[in-house]
Every structure is written in C-alpha cells, then in structure tokens.
Amino acid sequence: MKIAALSAFESRNYKLFFAGQTISLLGTWMQKTAVSWVIYSLTQSKFMLGVSIFATLFPSAMLTPLGGVISDRYNRYRVLLVTQVLSMAQALALTLVVFFKHYAVWEIIALSVVLGLINAFDVPARQSLVYELVEDKKNLPNALALNSSMVNLSKLLGPAIAGVAIERFGEVVCFAANTFSFIAVISSLLLIRLPKFKPLKHTKNILNELAEGLTYIRQTPEIRYIIVMLALVSLLLLPFTSLMPIYAKDIFRGTASTFGLLDSAIGFGALSGAVFLATLPPGTNLSRILAINTFVFGTGLILFSYTSLYALALFFIAIGAFGMMSQTTISNTLIQTLVAPTMRGRVISIFVMAYSGGVPIGSLIVSYLSQHIGVQATVLGQGFLALLIGIMHVRYLKKNKPNRRVATTNSLNAEIPQV
C-alpha cells in the first residue's frame, strides 16, 4: 500500500540519502547543544552565547552565494561528499580539543567558524542535490517536507540525548558522537548511484554567474517576496533559540538536561509542524498556511516568555515551534518548485543566505537586548513582531489573490521541468 506522506522513499537514492542524513543530524544537534552549554558555562555571558552562534552561521551566510555558484557549475554530489569529509574532520578536531581539556572559548569559536565556512558550500549542494535524488519529480515537495521532518526529529532527540550525556559523561561524548555520525552519511553517499555528470561549458566567470542569479531573483517577484520575508523572520524571530540556555540556567534554575528538554520541545513542535505540512491535501493554499502559522509562532512565543512553570513552558514553546516550521519549509518548497533548474543552486544559496545571515546577526541583537531589558521581555517582543509579520503576510495575500500557482499544493504536485 502506497503511503502518500512517504512517496519520496520510492526513490532508492533519496532513501539512502535520508538514512545517512538522519544519523548525521542527530550528531550535529548533540554537538550544537554541547557547544552552547560549554560556552555559557565557561563565560556566564549572554552576549558570548550569541557570538558562538554568530561564529558558525555568519561565515556560512557570507560565502553561501559562492557555494551556490559552485553547486551549479560543478558536480553537486562530489561537492557534498567533500564537505561531509571536511565536517567530520572539524568534529574530530573539536572532540580532541575538549578531550585533552586544553581549550578556551576562542578555540571553540574558531572551530565554529571553520564549520561555518564548510557549510557555505555544503548546504547549497545538499539542498540542490535533493532534486536529482528524487526520480519522480512529483514527489519533490514530499521529499522537502520529509527533509524538514528529519531535521526536526534530530532536533527533538539530539538535545535531549546531549543533556543526559553531558551530565553523566561530560561534553566530549557529544563531540565524539557527532564525529562518528559522519561515517553513516559518507557511507550512504558512496552507495548512491547517479547518472554520469556532464559538465556544462561556462562562458561567464563565477562573479558574473552570481550576478545573474541576483538579477533573476530581482525579476521574479514571488521568489523575491519569499526571500525577503524569510530574511525578516531569521533576523527578528528565529534567534529566540539562542536564549534557551539562559532560560534553562537562570529562569528555571536547571541543568544541562533542562536545556536539552527545552531544545527538544522546540524540536517536537517543529517536527509536528513538518509532519503536518507533509500530509496537507492537494489544493491547500500554502501561503495562507504560512500566514496562519506565523500567528501561531508569535502566540507561542508570547505565552512562553513569562511562564514560570517549566512543564507549561515546554508546551508553549512547542506551539511556537510548530508555527516556526512553516517559515522555512513552505518557503523552501515554493522556491524549489518555482525556480528555473539552471538557477537552482544560486537561488537556493541566496535563500540560505537570507536565513543563515539573519540568524547570527539576530542572535547578537537579542543577546544584547536580553542583557539590558531581560531575556523574558526580549522573547515577548519577538512574539509581537511575529504577529506583525503575520499581518504583512495577510496583506500580501489580499493583494495577490489571482496568483494561485505559487500558493497551492496543486502547483507543488505539478510536473517540474528537468534540467
């Protein structure tokens, strides 16, 4: 019996990719949790917590457009394989630094910068490769929704496991687990079988091809709107996650496990949102779902901000994360199905830059604000900003009612032209 929500698994290559990435992402979230906990434990500084996130995401944001051009010019599969090997080496270096106890905050941040540089080339290649892994292009929206489910299942389990591991065995276990997790993803990539890569002749240099991608986005209003709105969400709203160690340690007077459960609640809410999106019936207006879930996101943050009961706080932050999931998943799905195949890597790289560039800058902003007005007031303000962005979505929908092609799952299930 065919299950519509798992239709992308009909493709052998995608199934292998999904399995390897799931294991690797579990290790990634364990490492992310451990880095945040170690930085805050060593410094007791809210601002340094923001700096640690900035160190990983900002270098990636700046170089991601270049990574997008590389993804369009060369073999995406080989680019991804190389970046995964380099990511494994970075995780091993972090493991050794922590194991031998010869580490300071700057060393961890420096290795975070290295990871950010690798991710600049990894993310565009990985996102673009999904298209090639799915044999029936009608299953592409399902594959993207399953990707989101994978990421958020890892975010649900990874921090919870990391919290327990840090308390019982120390931080080094999380870094070691991430190192070994790359064996799974590299093995799965080696098992994938793709048609022989046929390099295209490039008459333009890399900078000209990048400029061509920017021009394409500027001349495509639907894609431009999606990217601009995601940039706003990334800058103003998504950095609330950087404040979770402060909530765990200072608001709820907890331990690493408290922090891990907060992150897991965010992961559970986001996973629920991803599953919800994967099971939407054909004809659903995705732009309307995006607007509604932006209000859900804001409401969850407002309710969470001043809640003193830990169990209730977990419930409220999960609600917020449910709404948060639509921001990236629906935006990514619409762009993947709207963009011309020859522009896919470049447009996705700009999309990723809008996300990964906004979050680190936003993390610095919210960390700074939380030191001056308090962490709870900061999250409350982010909640009201989410409601404002939701109103902007509603206004856009009213002005663009005739353009249904980009707003429904019917369009997402339409035949997508191949390269």
# chains A, B, ... in the order shown; residues from 1 in each chain; ligands from 1

call {"tool": "closest_atom_pairs", "arguments": {"of": "range 307-389 of chain A", "to": "range 231-234 of chain A", "cutoff": "8 Å", "atoms": "only C-alpha atoms", "output": "Markdown table"}}
result
| residue | atom | partner | partner_atom | distance |
| --- | --- | --- | --- | --- |
| A:Gln327 | CA | A:Val233 | CA | 7.6 |
| A:Ala354 | CA | A:Ala231 | CA | 4.6 |
| A:Tyr355 | CA | A:Ser234 | CA | 5.4 |
| A:Ser356 | CA | A:Ser234 | CA | 7.5 |
| A:Gly357 | CA | A:Ser234 | CA | 7.8 |
| A:Gly358 | CA | A:Ser234 | CA | 4.7 |
| A:Val359 | CA | A:Ser234 | CA | 5.0 |
| A:Gly362 | CA | A:Ser234 | CA | 7.2 |
| A:Ala386 | CA | A:Val233 | CA | 7.7 |
| A:Ile389 | CA | A:Val233 | CA | 7.9 |

call {"tool": "write_last_selection", "arguments": {"atoms": "N, CA, C and O atoms", "output": "compact mmCIF listing (two decimals), in the first residue's frame"}}
result
# COMPACT_ATOMS: atom_id res chain seq x y z
N GLN A 327 7.80 28.67 8.34
CA GLN A 327 8.59 29.78 7.80
C GLN A 327 9.65 29.27 6.83
O GLN A 327 9.80 29.83 5.74
N ALA A 354 19.78 34.33 3.25
CA ALA A 354 18.76 35.11 3.94
C ALA A 354 18.47 34.52 5.32
O ALA A 354 18.25 35.25 6.29
N TYR A 355 18.50 33.19 5.36
CA TYR A 355 18.25 32.50 6.64
C TYR A 355 19.48 32.56 7.54
O TYR A 355 19.43 33.06 8.66
N SER A 356 20.61 32.05 7.02
CA SER A 356 21.80 31.90 7.87
C SER A 356 22.51 33.23 8.12
O SER A 356 23.34 33.33 9.02
N GLY A 357 22.18 34.26 7.33
CA GLY A 357 22.72 35.58 7.61
C GLY A 357 21.92 36.33 8.65
O GLY A 357 22.47 37.06 9.49
N GLY A 358 20.60 36.11 8.65
CA GLY A 358 19.75 36.79 9.62
C GLY A 358 19.89 36.25 11.02
O GLY A 358 19.93 37.01 12.00
N VAL A 359 19.99 34.93 11.15
CA VAL A 359 20.03 34.31 12.49
C VAL A 359 21.25 34.76 13.31
O VAL A 359 21.08 35.13 14.48
N GLY A 362 20.85 38.40 14.21
CA GLY A 362 19.75 38.47 15.17
C GLY A 362 20.14 37.93 16.53
O GLY A 362 19.69 38.45 17.56
N ALA A 386 6.34 38.73 15.52
CA ALA A 386 5.81 37.64 14.70
C ALA A 386 4.37 37.93 14.28
O ALA A 386 3.99 37.68 13.12
N ILE A 389 4.48 40.40 11.45
CA ILE A 389 4.86 39.77 10.18
C ILE A 389 3.70 38.95 9.62
O ILE A 389 3.47 38.90 8.40

call {"tool": "residues_around", "arguments": {"residues": "range 161-175 of chain A", "least_positions_apart": "2", "cutoff": "9 Å", "atoms": "only C-alpha atoms", "output": "PyMOL selection string"}}
result
chain A and resi 27-35+37-38+91-92+94-99+157-159+177-180+255-261

call {"tool": "closest_residue", "arguments": {"among": "A:Val394, A:Ile361, A:Leu388, A:Ile266", "to": "Thr241 in chain A", "atoms": "only C-alpha atoms"}}
result
A:Ile266

call {"tool": "residues_around", "arguments": {"residues": "range 106-110 of chain A", "least_positions_apart": "3", "cutoff": "10 Å", "atoms": "only C-alpha atoms", "output": "count of residues only"}}
result
20

call {"tool": "closest_atom_pairs", "arguments": {"of": "range 11-64 of chain A", "to": "range 81-85 of chain A", "cutoff": "12 Å", "atoms": "only C-alpha atoms", "output": "tab-separated table"}}
result
residue	atom	partner	partner_atom	distance
A:Phe17	CA	A:Leu81	CA	11.6
A:Gly20	CA	A:Gln84	CA	11.1
A:Gln21	CA	A:Gln84	CA	10.4
A:Ser24	CA	A:Gln84	CA	9.6
A:Leu25	CA	A:Gln84	CA	11.6
A:Thr28	CA	A:Gln84	CA	11.8

call {"tool": "write_last_selection", "arguments": {"atoms": "C-alpha atoms", "output": "short mmCIF file (atom, residue, chain, number, x, y, z; two decimals), in the first residue's frame"}}
result
data_model
loop_
_atom_site.label_atom_id
_atom_site.label_comp_id
_atom_site.auth_asym_id
_atom_site.auth_seq_id
_atom_site.Cartn_x
_atom_site.Cartn_y
_atom_site.Cartn_z
CA PHE A 17 20.40 10.00 1.50
CA GLY A 20 22.55 8.83 6.30
CA GLN A 21 21.49 12.42 6.94
CA SER A 24 24.46 12.63 10.94
CA LEU A 25 21.99 15.33 12.00
CA THR A 28 25.08 17.60 14.72
#

call {"tool": "atom_distance", "arguments": {"atom1": "CA of Phe297 in chain A", "atom2": "CA of Ser370 in chain A"}}
result
19.8 Å

call {"tool": "residues_around", "arguments": {"residues": "Val69 in chain A", "least_positions_apart": "5", "cutoff": "10 Å", "atoms": "only C-alpha atoms", "output": "list in words"}}
result
Thr64, Tyr74, Phe121, Pro124, Ala125, Asn205, Ile206, Leu207, Asn208, Glu209, Leu210, Gly213, Met343, Arg344, Gly345, Arg346, Val347 and Ser349 of chain A

call {"tool": "write_last_selection", "arguments": {"atoms": "N, CA and C atoms", "output": "PDB file, in the first residue's frame"}}
result
ATOM      1  N   THR A  64      27.853  31.561   1.237  1.00  0.00           N
ATOM      2  CA  THR A  64      26.860  30.669   0.632  1.00  0.00           C
ATOM      3  C   THR A  64      26.566  31.003  -0.833  1.00  0.00           C
ATOM      4  N   TYR A  74      29.627  22.768 -10.908  1.00  0.00           N
ATOM      5  CA  TYR A  74      30.342  21.507 -10.781  1.00  0.00           C
ATOM      6  C   TYR A  74      29.417  20.386 -10.293  1.00  0.00           C
ATOM      7  N   PHE A 121      29.440  25.805   1.487  1.00  0.00           N
ATOM      8  CA  PHE A 121      29.464  25.003   0.265  1.00  0.00           C
ATOM      9  C   PHE A 121      28.614  23.742   0.414  1.00  0.00           C
ATOM     10  N   PRO A 124      24.148  24.551  -0.045  1.00  0.00           N
ATOM     11  CA  PRO A 124      23.591  24.652  -1.403  1.00  0.00           C
ATOM     12  C   PRO A 124      23.691  23.339  -2.179  1.00  0.00           C
ATOM     13  N   ALA A 125      24.821  22.632  -2.020  1.00  0.00           N
ATOM     14  CA  ALA A 125      24.991  21.363  -2.730  1.00  0.00           C
ATOM     15  C   ALA A 125      23.983  20.331  -2.232  1.00  0.00           C
ATOM     16  N   ASN A 205      32.377  34.088 -15.804  1.00  0.00           N
ATOM     17  CA  ASN A 205      33.110  33.740 -14.595  1.00  0.00           C
ATOM     18  C   ASN A 205      32.151  33.630 -13.408  1.00  0.00           C
ATOM     19  N   ILE A 206      32.685  33.214 -12.279  1.00  0.00           N
ATOM     20  CA  ILE A 206      31.851  32.940 -11.103  1.00  0.00           C
ATOM     21  C   ILE A 206      31.075  34.172 -10.647  1.00  0.00           C
ATOM     22  N   LEU A 207      31.726  35.338 -10.627  1.00  0.00           N
ATOM     23  CA  LEU A 207      31.052  36.558 -10.166  1.00  0.00           C
ATOM     24  C   LEU A 207      29.910  36.945 -11.097  1.00  0.00           C
ATOM     25  N   ASN A 208      30.115  36.767 -12.407  1.00  0.00           N
ATOM     26  CA  ASN A 208      29.053  37.088 -13.357  1.00  0.00           C
ATOM     27  C   ASN A 208      27.864  36.143 -13.194  1.00  0.00           C
ATOM     28  N   GLU A 209      28.158  34.865 -12.921  1.00  0.00           N
ATOM     29  CA  GLU A 209      27.070  33.912 -12.708  1.00  0.00           C
ATOM     30  C   GLU A 209      26.310  34.222 -11.420  1.00  0.00           C
ATOM     31  N   LEU A 210      27.032  34.690 -10.406  1.00  0.00           N
ATOM     32  CA  LEU A 210      26.377  35.096  -9.165  1.00  0.00           C
ATOM     33  C   LEU A 210      25.477  36.308  -9.420  1.00  0.00           C
ATOM     34  N   GLY A 213      22.283  35.310 -11.016  1.00  0.00           N
ATOM     35  CA  GLY A 213      21.320  34.759 -10.057  1.00  0.00           C
ATOM     36  C   GLY A 213      20.577  35.853  -9.309  1.00  0.00           C
ATOM     37  N   MET A 343      19.068  27.763 -12.461  1.00  0.00           N
ATOM     38  CA  MET A 343      19.323  28.770 -11.423  1.00  0.00           C
ATOM     39  C   MET A 343      19.198  28.187 -10.016  1.00  0.00           C
ATOM     40  N   ARG A 344      18.887  26.899  -9.922  1.00  0.00           N
ATOM     41  CA  ARG A 344      18.532  26.318  -8.626  1.00  0.00           C
ATOM     42  C   ARG A 344      19.598  26.539  -7.549  1.00  0.00           C
ATOM     43  N   GLY A 345      20.847  26.199  -7.841  1.00  0.00           N
ATOM     44  CA  GLY A 345      21.901  26.336  -6.835  1.00  0.00           C
ATOM     45  C   GLY A 345      22.073  27.764  -6.367  1.00  0.00           C
ATOM     46  N   ARG A 346      22.052  28.720  -7.322  1.00  0.00           N
ATOM     47  CA  ARG A 346      22.266  30.120  -6.958  1.00  0.00           C
ATOM     48  C   ARG A 346      21.099  30.690  -6.154  1.00  0.00           C
ATOM     49  N   VAL A 347      19.869  30.385  -6.571  1.00  0.00           N
ATOM     50  CA  VAL A 347      18.706  30.907  -5.851  1.00  0.00           C
ATOM     51  C   VAL A 347      18.630  30.290  -4.453  1.00  0.00           C
ATOM     52  N   SER A 349      21.095  29.254  -2.728  1.00  0.00           N
ATOM     53  CA  SER A 349      22.170  29.831  -1.914  1.00  0.00           C
ATOM     54  C   SER A 349      21.771  31.195  -1.355  1.00  0.00           C
TER      55      SER A 349
END

call {"tool": "closest_residue", "arguments": {"among": "A:Leu153, A:Ala265, A:Met88, A:Ile118", "to": "Ala184 in chain A", "atoms": "only C-alpha atoms"}}
result
A:Met88

call {"tool": "closest_residue", "arguments": {"among": "A:Ser128, A:Ser60, A:Ser154, A:Gln90", "to": "Leu111 in chain A", "atoms": "only C-alpha atoms"}}
result
A:Gln90

call {"tool": "atom_distance", "arguments": {"atom1": "CA of Arg76 in chain A", "atom2": "CA of Leu235 in chain A"}}
result
28.8 Å

call {"tool": "residues_around", "arguments": {"residues": "Tyr306 in chain A", "least_positions_apart": "6", "cutoff": "10 Å", "atoms": "only C-alpha atoms", "output": "list in words"}}
result
Ile251, Ala313, Val375, Gln376, Ala377, Val379 and Leu380 of chain A

call {"tool": "write_last_selection", "arguments": {"atoms": "all heavy atoms", "output": "PDB file, in the first residue's frame"}}
result
ATOM      1  N   ILE A 251      16.313  31.139  34.484  1.00  0.00           N
ATOM      2  CA  ILE A 251      14.873  31.266  34.732  1.00  0.00           C
ATOM      3  C   ILE A 251      14.331  30.039  35.455  1.00  0.00           C
ATOM      4  O   ILE A 251      13.621  30.157  36.468  1.00  0.00           O
ATOM      5  CB  ILE A 251      14.093  31.479  33.411  1.00  0.00           C
ATOM      6  CG1 ILE A 251      14.648  32.696  32.638  1.00  0.00           C
ATOM      7  CG2 ILE A 251      12.599  31.639  33.700  1.00  0.00           C
ATOM      8  CD1 ILE A 251      14.526  34.006  33.364  1.00  0.00           C
ATOM      9  N   ALA A 313       5.817  25.804  30.141  1.00  0.00           N
ATOM     10  CA  ALA A 313       6.734  26.485  29.219  1.00  0.00           C
ATOM     11  C   ALA A 313       7.120  25.562  28.050  1.00  0.00           C
ATOM     12  O   ALA A 313       7.195  26.005  26.903  1.00  0.00           O
ATOM     13  CB  ALA A 313       7.989  26.940  29.959  1.00  0.00           C
ATOM     14  N   VAL A 375      15.773  38.699  29.445  1.00  0.00           N
ATOM     15  CA  VAL A 375      15.544  37.670  28.436  1.00  0.00           C
ATOM     16  C   VAL A 375      14.051  37.469  28.169  1.00  0.00           C
ATOM     17  O   VAL A 375      13.622  37.247  27.028  1.00  0.00           O
ATOM     18  CB  VAL A 375      16.220  36.346  28.862  1.00  0.00           C
ATOM     19  CG1 VAL A 375      15.631  35.800  30.153  1.00  0.00           C
ATOM     20  CG2 VAL A 375      16.103  35.294  27.765  1.00  0.00           C
ATOM     21  N   GLN A 376      13.215  37.569  29.204  1.00  0.00           N
ATOM     22  CA  GLN A 376      11.780  37.335  29.026  1.00  0.00           C
ATOM     23  C   GLN A 376      11.121  38.454  28.222  1.00  0.00           C
ATOM     24  O   GLN A 376      10.274  38.198  27.355  1.00  0.00           O
ATOM     25  CB  GLN A 376      11.108  37.182  30.394  1.00  0.00           C
ATOM     26  CG  GLN A 376      11.527  35.893  31.107  1.00  0.00           C
ATOM     27  CD  GLN A 376      11.081  35.860  32.548  1.00  0.00           C
ATOM     28  OE1 GLN A 376      11.459  36.715  33.355  1.00  0.00           O
ATOM     29  NE2 GLN A 376      10.279  34.866  32.895  1.00  0.00           N
ATOM     30  N   ALA A 377      11.521  39.693  28.491  1.00  0.00           N
ATOM     31  CA  ALA A 377      10.982  40.824  27.729  1.00  0.00           C
ATOM     32  C   ALA A 377      11.402  40.739  26.255  1.00  0.00           C
ATOM     33  O   ALA A 377      10.632  41.102  25.353  1.00  0.00           O
ATOM     34  CB  ALA A 377      11.463  42.140  28.338  1.00  0.00           C
ATOM     35  N   VAL A 379      11.973  37.948  24.462  1.00  0.00           N
ATOM     36  CA  VAL A 379      11.158  36.920  23.795  1.00  0.00           C
ATOM     37  C   VAL A 379       9.725  37.418  23.600  1.00  0.00           C
ATOM     38  O   VAL A 379       9.094  37.158  22.564  1.00  0.00           O
ATOM     39  CB  VAL A 379      11.184  35.597  24.581  1.00  0.00           C
ATOM     40  CG1 VAL A 379      10.226  34.570  23.976  1.00  0.00           C
ATOM     41  CG2 VAL A 379      12.596  35.021  24.605  1.00  0.00           C
ATOM     42  N   LEU A 380       9.204  38.153  24.578  1.00  0.00           N
ATOM     43  CA  LEU A 380       7.864  38.732  24.446  1.00  0.00           C
ATOM     44  C   LEU A 380       7.804  39.668  23.242  1.00  0.00           C
ATOM     45  O   LEU A 380       6.858  39.626  22.440  1.00  0.00           O
ATOM     46  CB  LEU A 380       7.490  39.486  25.723  1.00  0.00           C
ATOM     47  CG  LEU A 380       6.111  40.164  25.720  1.00  0.00           C
ATOM     48  CD1 LEU A 380       4.998  39.122  25.676  1.00  0.00           C
ATOM     49  CD2 LEU A 380       5.953  41.064  26.954  1.00  0.00           C
TER      50      LEU A 380
END

call {"tool": "select_by_dssp", "arguments": {"residues": "range 120-345 of chain A", "states": "helix (DSSP H, G or I)", "output": "ChimeraX atom specification"}}
result
/A:120-133,137-169,172-191,206-218,221-236,238-251,256-278,286-305,310-338,341-345

call {"tool": "atom_distance", "arguments": {"atom1": "CA of Ile192 in chain A", "atom2": "CA of Ser331 in chain A"}}
result
27.6 Å

call {"tool": "closest_residue", "arguments": {"among": "A:Leu303, A:Leu238, A:Leu42, A:Ala291", "to": "Ala104 in chain A", "atoms": "only C-alpha atoms"}}
result
A:Leu42

call {"tool": "closest_residue", "arguments": {"among": "A:Gly269, A:Pro245, A:Pro195, A:Gly68", "to": "Ser36 in chain A", "atoms": "only C-alpha atoms"}}
result
A:Pro245
